[in-house]
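Chemist: Structure incoming, see below.
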Amino acid sequence: MSVKQVSNNAEVDERLAALNTNVNAIRAIASAVEGTIGPKGLDTMLVDKFGGVVITNDGVTILNLMEVNHPAAKMLINIAKAQQEEIGDGTTTATILAGSMVNAGMEQIIKGVPVAKVIEGLQVGVRKALAFFKEHASQIDDINDPLLKMIALVAGRGHEDIAELTVQAARLVGKEKLQEANFKLADTIVAQVGAENKVFEGIVINKQRMNPQMPLRAENARILIVDDALEPEEIEEESLSTEAGFQRFLELQQEFCRNLEKLKLLDVKVVLVDRGVSSLAEEILSDADIMVLQRVAHKELRRAMEHCGARFIKRTGLKKDPAELEKYLGKAALVYEDEKLEQTFILDGAGKPMATVLVGAATEEVMGERERIAKDAASSIQAAIKGGYLPGGGAVELAAAQFIKENKQEVKGMAAYGLDCVAEALQKPFFQIVLNAGFNPLEKIGDVLTCQKEKQNIAYAIDCDTGEICNMLEKGIIDPALVKIHALKAAGEVAEAILRINTIIKMKEYKANSEESDFET
């Protein structure tokens with residue numbers, strides 16, 4: 001090799017140093033979840049420094065718990081988290097697509113394709129693939145469509161009991177509720193060691209009564225929800241040393257007692273409190289046979305409010321007269337505490353119908369994984385109701401990749417190489433699913449593409465049990481369209497962001513409110 005060639009290679013290596021380190025970090029993250037995808041995907045064991053163990057097949061859990069320091073890797077994890085937050089499933093697919101897209105982009109740049117052209121092609125390719133997904137998505141019109149269970153089974157990794165539970169919950173909630181932007185069916189999932197699997201109309205509060213003297217259950221219960229502490233108004237310690245201050249303290253105590261007596265007059269049977277409850281309030285309410293749950297999570301309080309038809313009230317609001325207070329009360333057919341599970345159940349509220357899926361497990365470790373599986377299944381059901389479904393098993397991604405290749409001539413110049421990156425990434429889910437099943441993906445890709453072309457049907461892929469080509473829709477291997485759409489969007493965004501990074505600069509520590517910020521390389 002000549003001196004000139006060595007010099008040129010050194011310049012290329014230096015120019016691509018930032019990209020190379022970022023791509024290596026992305027590869028490492030993608031490889032951590034590749035082995036989990038598909039029906040034959042295996043589990044990952046995560047171990048902390050104290051010996052704590054989490055065994056899971058869930059992509060976002062792996063990404064959340066694994067130790068990561070590289071900023072590019074954190075970008076990919078954040079994209080996966082956004083996928084989880086938006087859809088609730090598909091984080092493994094998003095990560096694999098991003099890893100493959102970034103790697104393919106790096107290879108094109110090393111060959112001499114300008115970064116700007118690679119990114120231009122990426123953008124076009126992602127748009128074409130998204131349009132392809134949307135065009136081929138089929139809608140679910142009926143909440144009782146048996147396809148929903150197939151979708152739940154795929155997302156729920158073949159757990160029949162979990163699929164059945166989540167479908168029951170979806171039907172109980174109804175299609176209209178599932179299509180609401182702020183409602184997440186996954187939030188109805190509650191896992192508990194020793195519990196029996198069941199679906200019911202109501203909610204679960206992860207709290208017990210304040211003391212055993214309070215009622216264990218209440219029927220036709222009027223419910224008050226206090227979005228505050230349930231205790232007398234405070235007085236500064238300095239004021240208590242004066243006669244006037246002490247007198248004011250006594251007046252506030254008496255007023256507080258009178259306010260609590262109103263609850264007995266209103267026949268309130270259950271009180272849920274956001275913060276702490278004073279010993280005085282506990283004694284009065286206990287004597288009045290009122291069940292009190294303190295320090296209830298705000299998320300659970302809000303669900304209780306909606307389900308029971310109640311309104312939040314502050315402690316100062318208890319000063320209102322009984323007729324006005326009555327407007328804040330909610331109702332439920334039954335409230336009871338399960339002493340074994342250490343939870344309180346609120347059933348058949350007078351407000352919005354809400355379903356709860358109680359998933360049982362034998363141990364804490366199994367419980368966590370079953371909860372994650374159930375949440376994935378619930379999220380997939382809701383995504384399918386919202387945006388329809390597509391054949392799974394990597395079939396539609398393969399078809400989209402082929403579509404992009406066949407229409408490559410529409411892109412002028414070197415941007416076509418960026419298009420190739422998207423096509424290559426779209427083949428990766430199928431490739432990895434088949435590889436995890438123990439078959440040769442290079443051989444199977446060709447067979448499947450030939451079959452799809454001959455039959456003019458994009459639903460064909462590989463049966464991971466037999467290795468034979470089959471129709472994924474007929475086999476019941478179905479994925480929500482929104483999962484695939486958002487996964488590809490997320491992958492395209494992170495790939496573009498990574499490929500745009502030309503230089504990595506370490507910042508000095510600086511104050512956020514400083515007018516100047518210094519940097520060091």
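Residue numbering restarts at 1 for every chain of the structure tokens, chains are lettered A, B, ... in their displayed order, and ligands are numbered from 1 as they appear.
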Neighbours of range 345-362 of chain A within 9 Å (only C-alpha atoms; same-chain residues fewer than 2 positions away dropped), as a PyMOL selection string?
Modeler: chain A and resi 162+165-166+168-170+172-173+185+187-206+303-310+330-338+343+364-368+370-371+374
Chemist: Can you tell me, as a ChimeraX atom specification, which residues in range 301-334 of chain A count as alpha helix (DSSP H) by DSSP?
Modeler: /A:301-308,322-325
Chemist: Given the selection you just returned, output its residues as a file containing N, CA and C atoms, formatted as a PDB file, in the first residue's frame.
Modeler:
ATOM      1  N   LEU A 301     -56.441   6.879  42.396  1.00  0.00           N
ATOM      2  CA  LEU A 301     -57.499   7.802  42.826  1.00  0.00           C
ATOM      3  C   LEU A 301     -58.305   8.296  41.629  1.00  0.00           C
ATOM      4  N   ARG A 302     -57.599   8.625  40.557  1.00  0.00           N
ATOM      5  CA  ARG A 302     -58.287   9.145  39.368  1.00  0.00           C
ATOM      6  C   ARG A 302     -59.189   8.078  38.752  1.00  0.00           C
ATOM      7  N   ARG A 303     -58.702   6.842  38.714  1.00  0.00           N
ATOM      8  CA  ARG A 303     -59.524   5.760  38.174  1.00  0.00           C
ATOM      9  C   ARG A 303     -60.755   5.529  39.058  1.00  0.00           C
ATOM     10  N   ALA A 304     -60.545   5.610  40.368  1.00  0.00           N
ATOM     11  CA  ALA A 304     -61.670   5.443  41.300  1.00  0.00           C
ATOM     12  C   ALA A 304     -62.688   6.557  41.110  1.00  0.00           C
ATOM     13  N   MET A 305     -62.200   7.779  40.930  1.00  0.00           N
ATOM     14  CA  MET A 305     -63.090   8.926  40.726  1.00  0.00           C
ATOM     15  C   MET A 305     -63.952   8.712  39.481  1.00  0.00           C
ATOM     16  N   GLU A 306     -63.314   8.298  38.377  1.00  0.00           N
ATOM     17  CA  GLU A 306     -64.052   8.118  37.123  1.00  0.00           C
ATOM     18  C   GLU A 306     -65.036   6.952  37.226  1.00  0.00           C
ATOM     19  N   HIS A 307     -64.585   5.869  37.841  1.00  0.00           N
ATOM     20  CA  HIS A 307     -65.438   4.682  37.897  1.00  0.00           C
ATOM     21  C   HIS A 307     -66.632   4.872  38.840  1.00  0.00           C
ATOM     22  N   CYS A 308     -66.428   5.595  39.920  1.00  0.00           N
ATOM     23  CA  CYS A 308     -67.495   5.768  40.916  1.00  0.00           C
ATOM     24  C   CYS A 308     -68.354   7.000  40.658  1.00  0.00           C
ATOM     25  N   PRO A 322     -73.710  19.851  54.043  1.00  0.00           N
ATOM     26  CA  PRO A 322     -73.925  18.484  53.565  1.00  0.00           C
ATOM     27  C   PRO A 322     -74.544  18.397  52.172  1.00  0.00           C
ATOM     28  N   ALA A 323     -75.488  19.275  51.874  1.00  0.00           N
ATOM     29  CA  ALA A 323     -76.140  19.230  50.561  1.00  0.00           C
ATOM     30  C   ALA A 323     -75.130  19.472  49.442  1.00  0.00           C
ATOM     31  N   GLU A 324     -74.164  20.363  49.691  1.00  0.00           N
ATOM     32  CA  GLU A 324     -73.132  20.662  48.703  1.00  0.00           C
ATOM     33  C   GLU A 324     -72.108  19.523  48.634  1.00  0.00           C
ATOM     34  N   LEU A 325     -71.775  18.953  49.791  1.00  0.00           N
ATOM     35  CA  LEU A 325     -70.814  17.849  49.848  1.00  0.00           C
ATOM     36  C   LEU A 325     -71.310  16.622  49.096  1.00  0.00           C
TER      37      LEU A 325
END
Chemist: Would you mind listing, for every residue of range 335-402 of chain A within 12 Å of range 39-45 of chain A, the two atoms forming the shortest contact and the distance between them in Å to one decimal, using only C-alpha atoms, sorted by chain and ascending residue number, as JSON lines?
Modeler:
{"residue": "A:Glu365", "atom": "CA", "partner": "A:Met45", "partner_atom": "CA", "distance": 11.3}
{"residue": "A:Glu369", "atom": "CA", "partner": "A:Asp43", "partner_atom": "CA", "distance": 10.5}
{"residue": "A:Gly392", "atom": "CA", "partner": "A:Pro39", "partner_atom": "CA", "distance": 11.1}
{"residue": "A:Gly393", "atom": "CA", "partner": "A:Pro39", "partner_atom": "CA", "distance": 9.0}
{"residue": "A:Gly394", "atom": "CA", "partner": "A:Pro39", "partner_atom": "CA", "distance": 11.9}
Chemist: Just write the chosen residues, N, CA, C and O atoms, as a compact mmCIF listing (two decimals), in the first residue's frame.
Modeler:
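Heads up, here's the output in again_37.txt:
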# COMPACT_ATOMS: atom_id res chain seq x y z
N GLU A 365 -41.02 -13.16 40.57
CA GLU A 365 -40.34 -13.10 39.28
C GLU A 365 -41.31 -13.42 38.14
O GLU A 365 -41.35 -12.73 37.12
N GLU A 369 -43.15 -10.89 34.89
CA GLU A 369 -43.15 -11.24 33.48
C GLU A 369 -44.57 -11.42 32.95
O GLU A 369 -44.90 -10.99 31.85
N GLY A 392 -48.35 -11.01 10.34
CA GLY A 392 -47.13 -10.95 11.14
C GLY A 392 -46.05 -11.85 10.59
O GLY A 392 -46.05 -12.21 9.41
N GLY A 393 -45.12 -12.23 11.48
CA GLY A 393 -44.05 -13.12 11.07
C GLY A 393 -43.02 -12.50 10.16
O GLY A 393 -42.21 -13.20 9.54
N GLY A 394 -43.04 -11.15 10.02
CA GLY A 394 -42.11 -10.47 9.12
C GLY A 394 -42.56 -10.45 7.68
O GLY A 394 -41.86 -9.94 6.80
Chemist: From the set A:Ala30, A:Met472, A:Ala218, A:Ala155, which residue has the shortest atom-to-atom contact distance to Pro429 in chain A, counting only C-alpha atoms?
Modeler: A:Ala30
Chemist: In Å, with one decimal, what is the gap from CA of Ala401 in chain A to CA of Thr61 in chain A?
Modeler: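 CA of Thr61 in chain A lies at a distance of 28.7 Å from CA of Ala401 in chain A.
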Chemist: Check the smallest atom-to-atom distance from each of A:Ala72, A:Cys257, A:Ile151, A:Ile433 to Gly38 in chain A using only C-alpha atoms, then report the winner.
Modeler: A:Ile433
Chemist: Tell me, as a ChimeraX atom specification, which residues lie within 12 Å of Ile284 in chain A, counting only C-alpha atoms; anything in the same chain fewer than 2 positions away does not count.
Modeler: /A:213-214,230-231,256-264,277-282,286-292
Chemist: Find, counting only C-alpha atoms, the residue in A:Glu234, A:Glu493, A:Glu410, A:Asp465 that gets nearest to Gln83 in chain A.
Modeler: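 For Gln83 in chain A, the nearest of the candidates is A:Glu493.
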Chemist: Which residue, A:Arg311, A:Lys408, A:Arg27, A:Lys149, has the smallest gap to Met106 in chain A when you use only C-alpha atoms?
Modeler: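 Among A:Arg311, A:Lys408, A:Arg27, A:Lys149, it is A:Arg27 that comes nearest to Met106 in chain A.
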Chemist: Extract, using only C-alpha atoms, all DNA, RNA and protein residues at most 6 Å from Leu329 in chain A, discarding same-chain residues fewer than 2 positions from it, and format them as an MDAnalysis selection string.
Modeler: chainID A and resid 223:224 310 326:327
Chemist: Go through range 357-471 of chain A and flag each residue having an atom no more than 7 Å from range 84-88 of chain A; for those, report the closest pair of atoms plus their distance in Å to one decimal, using only C-alpha atoms, ordered by chain and rising number, as a Markdown table.
Modeler:
| residue | atom | partner | partner_atom | distance |
| --- | --- | --- | --- | --- |
| A:Asp376 | CA | A:Gly88 | CA | 6.2 |
| A:Ser379 | CA | A:Gly88 | CA | 5.1 |
| A:Ala383 | CA | A:Ile87 | CA | 6.7 |
